[in-house]
Each structure stands twice: as C-alpha cells, then as structure tokens.
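To be precise, the following lines are entry_19.json, and they hold JSON, C-alpha atoms (C1' of nucleotides).
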[["chain", "number", "residue", "atom", "x", "y", "z"],
["A", 2, "MET", "CA", -30.25, 10.35, 59.39],
["A", 3, "ARG", "CA", -29.71, 6.99, 57.78],
["A", 4, "HIS", "CA", -26.95, 5.71, 60.02],
["A", 5, "ARG", "CA", -23.91, 6.75, 61.97],
["A", 6, "THR", "CA", -21.77, 3.76, 61.09],
["A", 7, "LEU", "CA", -22.25, 0.73, 58.88],
["A", 8, "SER", "CA", -22.20, -2.51, 60.82],
["A", 9, "PRO", "CA", -18.94, -4.43, 60.50],
["A", 10, "ALA", "CA", -20.92, -7.43, 59.35],
["A", 11, "LEU", "CA", -22.55, -5.53, 56.50],
["A", 12, "LEU", "CA", -19.25, -3.95, 55.50],
["A", 13, "ALA", "CA", -17.65, -7.38, 55.41],
["A", 14, "ALA", "CA", -20.49, -8.86, 53.41],
["A", 15, "VAL", "CA", -20.39, -6.12, 50.80],
["A", 16, "ALA", "CA", -16.61, -6.32, 50.60],
["A", 17, "ALA", "CA", -16.84, -10.07, 50.14],
["A", 18, "ARG", "CA", -19.22, -9.64, 47.26],
["A", 19, "PHE", "CA", -16.89, -7.18, 45.57],
["A", 20, "LYS", "CA", -13.99, -9.52, 46.20],
["A", 21, "VAL", "CA", -15.65, -12.28, 44.24],
["A", 22, "LEU", "CA", -15.85, -9.88, 41.31],
["A", 23, "SER", "CA", -12.25, -8.76, 41.68],
["A", 24, "GLU", "CA", -10.79, -11.61, 39.67],
["A", 25, "PRO", "CA", -10.49, -11.45, 35.87],
["A", 26, "ALA", "CA", -11.12, -15.16, 35.53],
["A", 27, "ARG", "CA", -14.42, -14.92, 37.38],
["A", 28, "LEU", "CA", -15.53, -11.92, 35.34],
["A", 29, "GLN", "CA", -14.73, -13.94, 32.26],
["A", 30, "VAL", "CA", -16.92, -16.75, 33.52],
["A", 31, "LEU", "CA", -19.82, -14.41, 34.21],
["A", 32, "ASP", "CA", -19.44, -12.87, 30.80],
["A", 33, "ALA", "CA", -19.42, -16.28, 29.17],
["A", 34, "LEU", "CA", -22.71, -17.02, 30.93],
["A", 35, "ARG", "CA", -24.44, -13.98, 29.47],
["A", 36, "GLY", "CA", -25.95, -16.10, 26.72],
["A", 37, "GLY", "CA", -27.46, -18.61, 29.12],
["A", 38, "PRO", "CA", -26.46, -21.72, 31.09],
["A", 39, "LEU", "CA", -23.32, -23.59, 30.15],
["A", 40, "HIS", "CA", -21.79, -26.73, 31.55],
["A", 41, "VAL", "CA", -18.27, -26.79, 32.92],
["A", 42, "SER", "CA", -16.63, -28.23, 29.84],
["A", 43, "ALA", "CA", -18.20, -25.57, 27.66],
["A", 44, "LEU", "CA", -17.00, -22.94, 30.10],
["A", 45, "MET", "CA", -13.50, -24.35, 29.89],
["A", 46, "GLU", "CA", -13.54, -23.81, 26.18],
["A", 47, "ALA", "CA", -15.15, -20.38, 26.41],
["A", 48, "THR", "CA", -12.69, -19.08, 28.98],
["A", 49, "GLY", "CA", -9.54, -21.06, 28.35],
["A", 50, "LEU", "CA", -9.32, -21.91, 32.05],
["A", 51, "ASN", "CA", -8.28, -25.41, 33.00],
["A", 52, "GLN", "CA", -10.66, -27.75, 34.74],
["A", 53, "ALA", "CA", -9.48, -27.50, 38.33],
["A", 54, "ASN", "CA", -9.03, -23.78, 38.25],
["A", 55, "LEU", "CA", -12.39, -23.16, 36.65],
["A", 56, "SER", "CA", -14.08, -25.46, 39.10],
["A", 57, "LYS", "CA", -12.65, -23.54, 42.00],
["A", 58, "HIS", "CA", -13.77, -20.22, 40.58],
["A", 59, "LEU", "CA", -17.23, -21.67, 40.07],
["A", 60, "GLN", "CA", -17.36, -22.70, 43.71],
["A", 61, "VAL", "CA", -16.49, -19.16, 44.72],
["A", 62, "LEU", "CA", -19.16, -17.67, 42.47],
["A", 63, "HIS", "CA", -21.68, -20.19, 43.71],
["A", 64, "GLY", "CA", -20.72, -19.60, 47.31],
["A", 65, "GLN", "CA", -21.69, -15.96, 46.95],
["A", 66, "GLY", "CA", -24.89, -16.90, 45.18],
["A", 67, "LEU", "CA", -23.85, -15.25, 41.93],
["A", 68, "VAL", "CA", -24.40, -18.38, 39.86],
["A", 69, "ALA", "CA", -26.85, -21.25, 40.15],
["A", 70, "ARG", "CA", -25.99, -24.85, 39.35],
["A", 71, "LYS", "CA", -28.11, -27.62, 37.95],
["A", 72, "ARG", "CA", -26.96, -31.13, 37.34],
["A", 73, "ASP", "CA", -27.98, -32.93, 34.17],
["A", 74, "GLY", "CA", -26.53, -36.39, 34.00],
["A", 75, "LEU", "CA", -22.78, -36.17, 33.88],
["A", 76, "PHE", "CA", -22.86, -32.46, 33.24],
["A", 77, "VAL", "CA", -23.28, -29.59, 35.65],
["A", 78, "PHE", "CA", -24.75, -26.45, 34.20],
["A", 79, "TYR", "CA", -24.10, -23.04, 35.67],
["A", 80, "GLU", "CA", -26.02, -19.89, 35.00],
["A", 81, "VAL", "CA", -26.04, -16.32, 36.27],
["A", 82, "ALA", "CA", -28.32, -16.28, 39.29],
["A", 83, "ASP", "CA", -29.40, -12.68, 38.96],
["A", 84, "ASP", "CA", -28.90, -10.41, 35.99],
["A", 85, "SER", "CA", -28.22, -7.49, 38.28],
["A", 86, "VAL", "CA", -24.71, -8.86, 38.66],
["A", 87, "LEU", "CA", -24.14, -8.43, 34.95],
["A", 88, "GLU", "CA", -25.51, -4.91, 35.11],
["A", 89, "LEU", "CA", -23.08, -4.21, 37.91],
["A", 90, "CYS", "CA", -20.21, -5.42, 35.76],
["A", 91, "ASP", "CA", -21.44, -3.33, 32.86],
["A", 92, "LEU", "CA", -21.56, -0.26, 35.07],
["A", 93, "VAL", "CA", -17.99, -0.71, 36.21],
["A", 94, "CYS", "CA", -16.93, -1.61, 32.71],
["A", 95, "GLY", "CA", -18.36, 1.67, 31.48],
["A", 96, "ALA", "CA", -16.69, 3.62, 34.24],
["A", 97, "VAL", "CA", -13.36, 2.01, 33.52],
["A", 98, "GLU", "CA", -13.65, 2.76, 29.82],
["A", 99, "ALA", "CA", -14.62, 6.36, 30.54],
["A", 100, "ARG", "CA", -11.60, 6.69, 32.77],
["A", 101, "ALA", "CA", -9.39, 5.27, 30.04],
["A", 102, "ARG", "CA", -10.76, 7.72, 27.49],
["A", 103, "LYS", "CA", -10.17, 10.57, 29.88],
["A", 104, "ALA", "CA", -6.61, 9.43, 30.49],
["A", 105, "ALA", "CA", -6.04, 9.15, 26.75],
["A", 106, "LEU", "CA", -7.30, 12.68, 26.18],
["A", 107, "ALA", "CA", -5.02, 14.00, 28.91],
["A", 108, "LEU", "CA", -2.04, 12.78, 26.93],
["A", 109, "ARG", "CA", -2.73, 15.00, 23.91],
["B", 14, "MET", "CA", -22.92, -9.26, 18.40],
["B", 15, "ARG", "CA", -21.15, -7.13, 20.92],
["B", 16, "HIS", "CA", -17.98, -9.16, 21.37],
["B", 17, "ARG", "CA", -16.61, -12.67, 21.33],
["B", 18, "THR", "CA", -14.22, -12.22, 24.23],
["B", 19, "LEU", "CA", -13.41, -9.38, 26.57],
["B", 20, "SER", "CA", -9.87, -8.10, 26.21],
["B", 21, "PRO", "CA", -7.57, -9.22, 29.02],
["B", 22, "ALA", "CA", -6.72, -5.58, 29.66],
["B", 23, "LEU", "CA", -10.35, -4.62, 30.18],
["B", 24, "LEU", "CA", -10.99, -7.65, 32.35],
["B", 25, "ALA", "CA", -8.00, -6.74, 34.47],
["B", 26, "ALA", "CA", -9.07, -3.12, 34.75],
["B", 27, "VAL", "CA", -12.58, -3.99, 35.83],
["B", 28, "ALA", "CA", -11.28, -6.57, 38.29],
["B", 29, "ALA", "CA", -8.88, -3.99, 39.71],
["B", 30, "ARG", "CA", -11.72, -1.57, 40.27],
["B", 31, "PHE", "CA", -13.74, -4.22, 42.09],
["B", 32, "LYS", "CA", -10.68, -5.13, 44.11],
["B", 33, "VAL", "CA", -10.40, -1.62, 45.47],
["B", 34, "LEU", "CA", -13.95, -1.97, 46.72],
["B", 35, "SER", "CA", -13.33, -5.40, 48.23],
["B", 36, "GLU", "CA", -11.96, -4.09, 51.51],
["B", 37, "PRO", "CA", -14.24, -3.17, 54.43],
["B", 38, "ALA", "CA", -11.93, -0.36, 55.50],
["B", 39, "ARG", "CA", -12.15, 1.31, 52.11],
["B", 40, "LEU", "CA", -15.91, 0.96, 51.98],
["B", 41, "GLN", "CA", -15.99, 2.58, 55.38],
["B", 42, "VAL", "CA", -13.93, 5.48, 54.06],
["B", 43, "LEU", "CA", -16.20, 5.96, 51.07],
["B", 44, "ASP", "CA", -19.23, 5.86, 53.32],
["B", 45, "ALA", "CA", -17.70, 8.43, 55.63],
["B", 46, "LEU", "CA", -17.22, 10.70, 52.62],
["B", 47, "ARG", "CA", -20.90, 10.61, 51.69],
["B", 48, "GLY", "CA", -21.50, 13.87, 53.50],
["B", 49, "GLY", "CA", -18.76, 15.70, 51.63],
["B", 50, "PRO", "CA", -15.00, 16.22, 51.78],
["B", 51, "LEU", "CA", -13.09, 15.35, 54.95],
["B", 52, "HIS", "CA", -9.46, 15.67, 55.85],
["B", 53, "VAL", "CA", -7.42, 12.69, 56.94],
["B", 54, "SER", "CA", -7.63, 13.36, 60.66],
["B", 55, "ALA", "CA", -11.39, 13.62, 60.48],
["B", 56, "LEU", "CA", -11.46, 10.39, 58.53],
["B", 57, "MET", "CA", -9.37, 8.73, 61.20],
["B", 58, "GLU", "CA", -11.97, 9.60, 63.76],
["B", 59, "ALA", "CA", -14.89, 8.69, 61.52],
["B", 60, "THR", "CA", -13.50, 5.28, 60.65],
["B", 61, "GLY", "CA", -11.36, 4.35, 63.63],
["B", 62, "LEU", "CA", -8.48, 3.49, 61.31],
["B", 63, "ASN", "CA", -5.00, 4.54, 62.36],
["B", 64, "GLN", "CA", -3.06, 7.10, 60.40],
["B", 65, "ALA", "CA", -0.72, 4.91, 58.40],
["B", 66, "ASN", "CA", -3.34, 2.37, 57.52],
["B", 67, "LEU", "CA", -5.87, 5.00, 56.51],
["B", 68, "SER", "CA", -3.29, 6.82, 54.44],
["B", 69, "LYS", "CA", -2.51, 3.67, 52.53],
["B", 70, "HIS", "CA", -6.15, 2.97, 51.84],
["B", 71, "LEU", "CA", -6.56, 6.54, 50.63],
["B", 72, "GLN", "CA", -3.69, 6.07, 48.21],
["B", 73, "VAL", "CA", -5.38, 2.98, 46.83],
["B", 74, "LEU", "CA", -8.71, 4.77, 46.42],
["B", 75, "HIS", "CA", -6.99, 7.72, 44.83],
["B", 76, "GLY", "CA", -4.95, 5.50, 42.55],
["B", 77, "GLN", "CA", -8.15, 4.12, 41.06],
["B", 78, "GLY", "CA", -9.60, 7.60, 40.78],
["B", 79, "LEU", "CA", -12.38, 6.90, 43.25],
["B", 80, "VAL", "CA", -11.52, 9.85, 45.45],
["B", 81, "ALA", "CA", -10.07, 13.28, 44.72],
["B", 82, "ARG", "CA", -7.62, 15.08, 46.99],
["B", 83, "LYS", "CA", -7.15, 18.73, 47.64],
["B", 84, "ARG", "CA", -4.54, 20.21, 49.91],
["B", 85, "ASP", "CA", -5.45, 23.08, 52.23],
["B", 86, "GLY", "CA", -2.51, 24.13, 54.33],
["B", 87, "LEU", "CA", -1.54, 21.32, 56.61],
["B", 88, "PHE", "CA", -4.65, 19.35, 55.82],
["B", 89, "VAL", "CA", -5.45, 17.15, 52.87],
["B", 90, "PHE", "CA", -9.10, 16.81, 52.04],
["B", 91, "TYR", "CA", -10.49, 13.81, 50.25],
["B", 92, "GLU", "CA", -13.84, 13.52, 48.57],
["B", 93, "VAL", "CA", -15.71, 10.99, 46.48],
["B", 94, "ALA", "CA", -14.70, 11.65, 42.89],
["B", 95, "ASP", "CA", -17.89, 10.38, 41.33],
["B", 96, "ASP", "CA", -21.15, 9.62, 43.07],
["B", 97, "SER", "CA", -21.68, 6.62, 40.83],
["B", 98, "VAL", "CA", -19.26, 4.77, 43.09],
["B", 99, "LEU", "CA", -21.59, 5.28, 46.02],
["B", 100, "GLU", "CA", -24.52, 4.12, 43.95],
["B", 101, "LEU", "CA", -22.55, 1.02, 43.09],
["B", 102, "CYS", "CA", -21.97, 0.35, 46.78],
["B", 103, "ASP", "CA", -25.63, 0.92, 47.53],
["B", 104, "LEU", "CA", -26.61, -1.54, 44.82],
["B", 105, "VAL", "CA", -24.40, -4.25, 46.24],
["B", 106, "CYS", "CA", -25.44, -3.37, 49.74],
["B", 107, "GLY", "CA", -29.06, -3.88, 48.75],
["B", 108, "ALA", "CA", -28.29, -7.17, 47.06],
["B", 109, "VAL", "CA", -26.42, -8.40, 50.10],
["B", 110, "GLU", "CA", -29.25, -7.43, 52.41],
["B", 111, "ALA", "CA", -31.78, -9.11, 50.15],
["B", 112, "ARG", "CA", -29.68, -12.25, 50.18],
["B", 113, "ALA", "CA", -29.52, -12.13, 53.97],
["B", 114, "ARG", "CA", -33.28, -11.74, 54.25],
["B", 115, "LYS", "CA", -33.77, -14.67, 51.93],
["B", 116, "ALA", "CA", -31.39, -16.80, 53.96],
["B", 117, "ALA", "CA", -33.19, -15.80, 57.16],
["B", 118, "LEU", "CA", -36.54, -16.80, 55.69],
["B", 119, "ALA", "CA", -35.15, -20.15, 54.62],
["B", 120, "LEU", "CA", -34.44, -20.96, 58.27],
["B", 121, "ARG", "CA", -38.06, -20.82, 59.39],
["C", 8, "DC", "C1'", 15.80, 28.56, 60.43],
["C", 9, "DA", "C1'", 13.70, 25.65, 64.18],
["C", 10, "DT", "C1'", 9.71, 23.59, 65.85],
["C", 11, "DG", "C1'", 5.21, 21.47, 65.65],
["C", 12, "DT", "C1'", 1.53, 19.25, 63.21],
["C", 13, "DA", "C1'", -0.57, 16.62, 59.26],
["C", 14, "DT", "C1'", 0.14, 13.29, 55.95],
["C", 15, "DA", "C1'", 2.91, 9.93, 53.22],
["C", 16, "DT", "C1'", 6.17, 6.26, 52.75],
["C", 17, "DT", "C1'", 9.11, 2.35, 53.89],
["C", 18, "DA", "C1'", 10.15, -2.16, 55.67],
["C", 19, "DC", "C1'", 8.28, -5.90, 57.77],
["C", 20, "DT", "C1'", 5.04, -9.80, 59.05],
["C", 21, "DG", "C1'", 1.13, -12.70, 58.79],
["C", 22, "DA", "C1'", -2.92, -14.18, 56.31],
["C", 23, "DA", "C1'", -5.42, -15.05, 52.18],
["C", 24, "DT", "C1'", -5.70, -16.96, 47.65],
["C", 25, "DA", "C1'", -4.87, -18.06, 42.51],
["C", 26, "DG", "C1'", -2.87, -21.53, 39.92],
["C", 27, "DT", "C1'", -1.40, -26.39, 39.34],
["C", 28, "DC", "C1'", -1.14, -31.31, 39.87],
["C", 29, "DA", "C1'", -2.89, -35.36, 41.64],
["C", 30, "DT", "C1'", -6.72, -37.60, 43.31],
["C", 31, "DA", "C1'", -11.52, -38.25, 44.72],
["C", 32, "DT", "C1'", -16.43, -38.27, 43.79],
["C", 33, "DA", "C1'", -20.54, -38.69, 40.96],
["C", 34, "DT", "C1'", -23.03, -40.33, 37.14],
["C", 35, "DT", "C1'", -23.86, -43.13, 33.06],
["C", 36, "DC", "C1'", -23.69, -47.19, 30.46],
["C", 37, "DA", "C1'", -22.27, -51.78, 29.09],
["D", 22, "DT", "C1'", -20.04, -54.48, 38.93],
["D", 23, "DG", "C1'", -16.50, -52.16, 36.19],
["D", 24, "DA", "C1'", -15.02, -48.78, 32.82],
["D", 25, "DA", "C1'", -15.46, -44.11, 31.11],
["D", 26, "DT", "C1'", -16.46, -39.31, 31.56],
["D", 27, "DA", "C1'", -17.48, -34.92, 34.10],
["D", 28, "DT", "C1'", -16.73, -32.34, 37.98],
["D", 29, "DA", "C1'", -14.94, -31.41, 42.71],
["D", 30, "DT", "C1'", -11.42, -31.35, 46.18],
["D", 31, "DG", "C1'", -6.89, -31.60, 48.66],
["D", 32, "DA", "C1'", -2.08, -30.36, 49.01],
["D", 33, "DC", "C1'", 1.32, -27.33, 47.71],
["D", 34, "DT", "C1'", 3.68, -22.99, 46.05],
["D", 35, "DA", "C1'", 4.09, -18.31, 44.90],
["D", 36, "DT", "C1'", 2.19, -13.94, 45.16],
["D", 37, "DT", "C1'", -0.49, -10.29, 46.95],
["D", 38, "DC", "C1'", -1.86, -7.34, 50.50],
["D", 39, "DA", "C1'", -3.68, -5.44, 55.10],
["D", 40, "DG", "C1'", -1.95, -3.94, 59.30],
["D", 41, "DT", "C1'", 1.80, -1.91, 62.11],
["D", 42, "DA", "C1'", 5.75, 0.72, 63.65],
["D", 43, "DA", "C1'", 9.22, 3.75, 62.48],
["D", 44, "DT", "C1'", 10.59, 7.37, 59.65],
["D", 45, "DA", "C1'", 10.24, 10.86, 56.09],
["D", 46, "DT", "C1'", 8.03, 14.72, 53.88],
["D", 47, "DA", "C1'", 5.18, 18.97, 53.54],
["D", 48, "DC", "C1'", 3.47, 22.98, 55.34],
["D", 49, "DA", "C1'", 2.75, 26.65, 58.86],
["D", 50, "DT", "C1'", 4.24, 29.65, 62.38],
["D", 51, "DG", "C1'", 7.26, 31.85, 65.58]]
Represent the structure contained in this file as structure tokens.
Amino acid sequence: MRHRTLSPALLAAVAARFKVLSEPARLQVLDALRGGPLHVSALMEATGLNQANLSKHLQVLHGQGLVARKRDGLFVFYEVADDSVLELCDLVCGAVEARARKAALALR
Amino acid sequence: MRHRTLSPALLAAVAARFKVLSEPARLQVLDALRGGPLHVSALMEATGLNQANLSKHLQVLHGQGLVARKRDGLFVFYEVADDSVLELCDLVCGAVEARARKAALALR
DNA sequence: CATGTATATTACTGAATAGTCATATATTCA
DNA sequence: TGAATATATGACTATTCAGTAATATACATG
C-alpha cells in the first residue's frame, strides 16, 4: 500500500500550489511568460494589470517558486521557473475546454 | 501563433478549476476516493471531516465535475469522475516534494 | 403515516486575499 | 549628491470562503 493518509503538511503544500494557480491574473502572467523572460513593465502591458497589483502577483508566484527573477539594471525580469507548470495549465485548460464542449453538446 | 491573449472566460474557468483543488480537505477527499466509490459516511471516517463540512466540499467538487454521485437507497456514493484529476494531483505532489528536497539540500 | 437514518442546505462568523492608492526602495545617470 | 525611473511594500476595503450549528430534505422500514 502506498499510504493510509496523506500528511497534513503535504496536503497543505499541494493545496497552496494549486491556490497560486487559482487566480486568473496569475495565469495570465504565466501565459505571458511562455515566450521567455519579460520585465515588469512589459508584463504590465501584456496583461493589462497595474503596477502594484502585478507586483504583488509576481511575489506570490515567486514565493511558490513558479517564476524566477533576475535583475538587470533598473529592470527586473521574470521567467517561468519550470515548464512543467505550463504543461499543468495546458492540461487543465484542455479539461476545461472538453467539459465546455460536453456541456454544449448536452444542450442540443 | 496559437493566440495573442487568453479569453477572460477561459482564464476564469481554469482558475476556478484550480481553486477547487486549492483546499486540503478536498484533496483529502479525492485521495480517499482513489480506491473507488465511497458514500458520505465512509468519507467522513476516511477524512475526519464532519458531515456538513464534507457535504459542502462534495458539492464544490461535484459542481466542477470532478466527482460523480450516485444514489443507492439512503446512501449517496461519490467517485472520481475522471482519473486525470488524480494524475494532476500526483504531478503537483511530485513537484512539491521535489521542491522540498531541494530546499532541504540547500540547508546543508 | 410515523420514525429513524443519511445527506443537503441555510445562516452565521472569522480569516484570507485581490485590488487600489500612496509611499518606499533600488538602481542609473548627470 | 540629486533627479528620474522601475519595482516593491504598507495600509485599507470589499469580497470570498471554510468551518460550524441548526434545520431541512430524501429515502427506507415498520
């Protein structure tokens, strides 16, 4: 047997990771970073988020290790730390779309 | 190119799906259902959640289509609707554990 | 129909957090 | 050093939501 119960700590850690991804704005940021590193100002333009709000979301993403930061002069560049996060998003995205198609069919 | 921006509706839908998974109690429920369908009382025992709280979490899981329900007399059985959800959890679980190992190493 | 059992729902409270504005910090350059 | 720009942070508000207790509903059985 693999386990009887999951440790509360592991449950909390996994839940926390999902929580970071449970915000449209943060998904938008991750998606904007698909093409490679961007600095905050570029991310503002790409996402339409204002500076303070975006900065806070970036701290959350960085806190969970989902993005890496690198300073270059005045600019701070962020990039996706591990592509598996994007794959995760794509998986859920596909599932959501499949569900939507199914719901649409059910209406016929 | 695949897209310039993700539609707000899709972003919201994906975020909503992640949000359902962002609660330790619900992850616990999904994990308890790995072995197959269980009725609510059995889930209470498996998870330690009280009746009202568990029931509410089940409604949330069911609302997102992550679990299916089937009534049998007095009992209502729930089961994982699609094993891909469990795979998703396992993926994140692995990522979280890897991150923890890395953090532990960094302390040496 | 009355009673008992399983599950769902409602109303409530406390805690967490997204968004916003104002301000602080960091870095560059003159 | 002082001004300018980029980013981070603090305080505040409004909203969301998990947990709980009480109550309602659904089903079975006598």
Identify, on the basis of all atoms listed in the file, every residue whose closest approach to region 17-32 of chain C does not exceed 12 Å; exclude the query and any residue fewer than 5 positions from it along the same chain; express the result as a count of residues only.
39
I need the contact residues of chain C against chain A, so if you could list those with any atom within 8 Å, counting all atoms listed in the file, and return them as a ChimeraX atom specification, that would help.
/C:26,33-35
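Comparing the minimum interatomic distances between chain D and each of B:Val80, B:Ala22, B:Val89, B:Leu56, counting all atoms listed in the file, we find that B:Val89 sits nearest.
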Each chain B residue no farther than 7 Å from chain A, nearest pair in Å, all atoms listed in the file, as JSON lines:
{"residue": "B:Leu24", "atom": "CA", "partner": "A:Pro25", "partner_atom": "CA", "distance": 5.2}
{"residue": "B:Ala25", "atom": "CA", "partner": "A:Pro25", "partner_atom": "CA", "distance": 5.5}
{"residue": "B:Ala26", "atom": "CA", "partner": "A:Val97", "partner_atom": "CA", "distance": 6.8}
{"residue": "B:Val27", "atom": "CA", "partner": "A:Cys94", "partner_atom": "CA", "distance": 5.9}
{"residue": "B:Ala28", "atom": "CA", "partner": "A:Ser23", "partner_atom": "CA", "distance": 4.2}
{"residue": "B:Ala29", "atom": "CA", "partner": "A:Ser23", "partner_atom": "CA", "distance": 6.2}
{"residue": "B:Phe31", "atom": "CA", "partner": "A:Ser23", "partner_atom": "CA", "distance": 4.8}
{"residue": "B:Lys32", "atom": "CA", "partner": "A:Ser23", "partner_atom": "CA", "distance": 4.6}
{"residue": "B:Leu34", "atom": "CA", "partner": "A:Phe19", "partner_atom": "CA", "distance": 6.1}
{"residue": "B:Ser35", "atom": "CA", "partner": "A:Ala16", "partner_atom": "CA", "distance": 4.1}
{"residue": "B:Glu36", "atom": "CA", "partner": "A:Ala16", "partner_atom": "CA", "distance": 5.2}
{"residue": "B:Pro37", "atom": "CA", "partner": "A:Leu12", "partner_atom": "CA", "distance": 5.2}
{"residue": "B:Leu40", "atom": "CA", "partner": "A:Leu12", "partner_atom": "CA", "distance": 6.9}
{"residue": "B:Val105", "atom": "CA", "partner": "A:Val15", "partner_atom": "CA", "distance": 6.4}
{"residue": "B:Cys106", "atom": "CA", "partner": "A:Val15", "partner_atom": "CA", "distance": 5.8}
{"residue": "B:Val109", "atom": "CA", "partner": "A:Val15", "partner_atom": "CA", "distance": 6.5}
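Coordinates place CA of Leu59 (chain A) at a distance of 19.3 Å from CA of Glu88 (chain A).
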Within 8 Å of chain B: residues of chain D, using all atoms listed in the file, as a PyMOL selection string:
chain D and resi 40+47-49
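Coordinates place CA of Arg102 (chain A) at a distance of 29.5 Å from CA of His52 (chain B).
The two atoms in question, C1' of DA15 (chain C) and C1' of DT46 (chain D), are spaced 7.0 Å apart.
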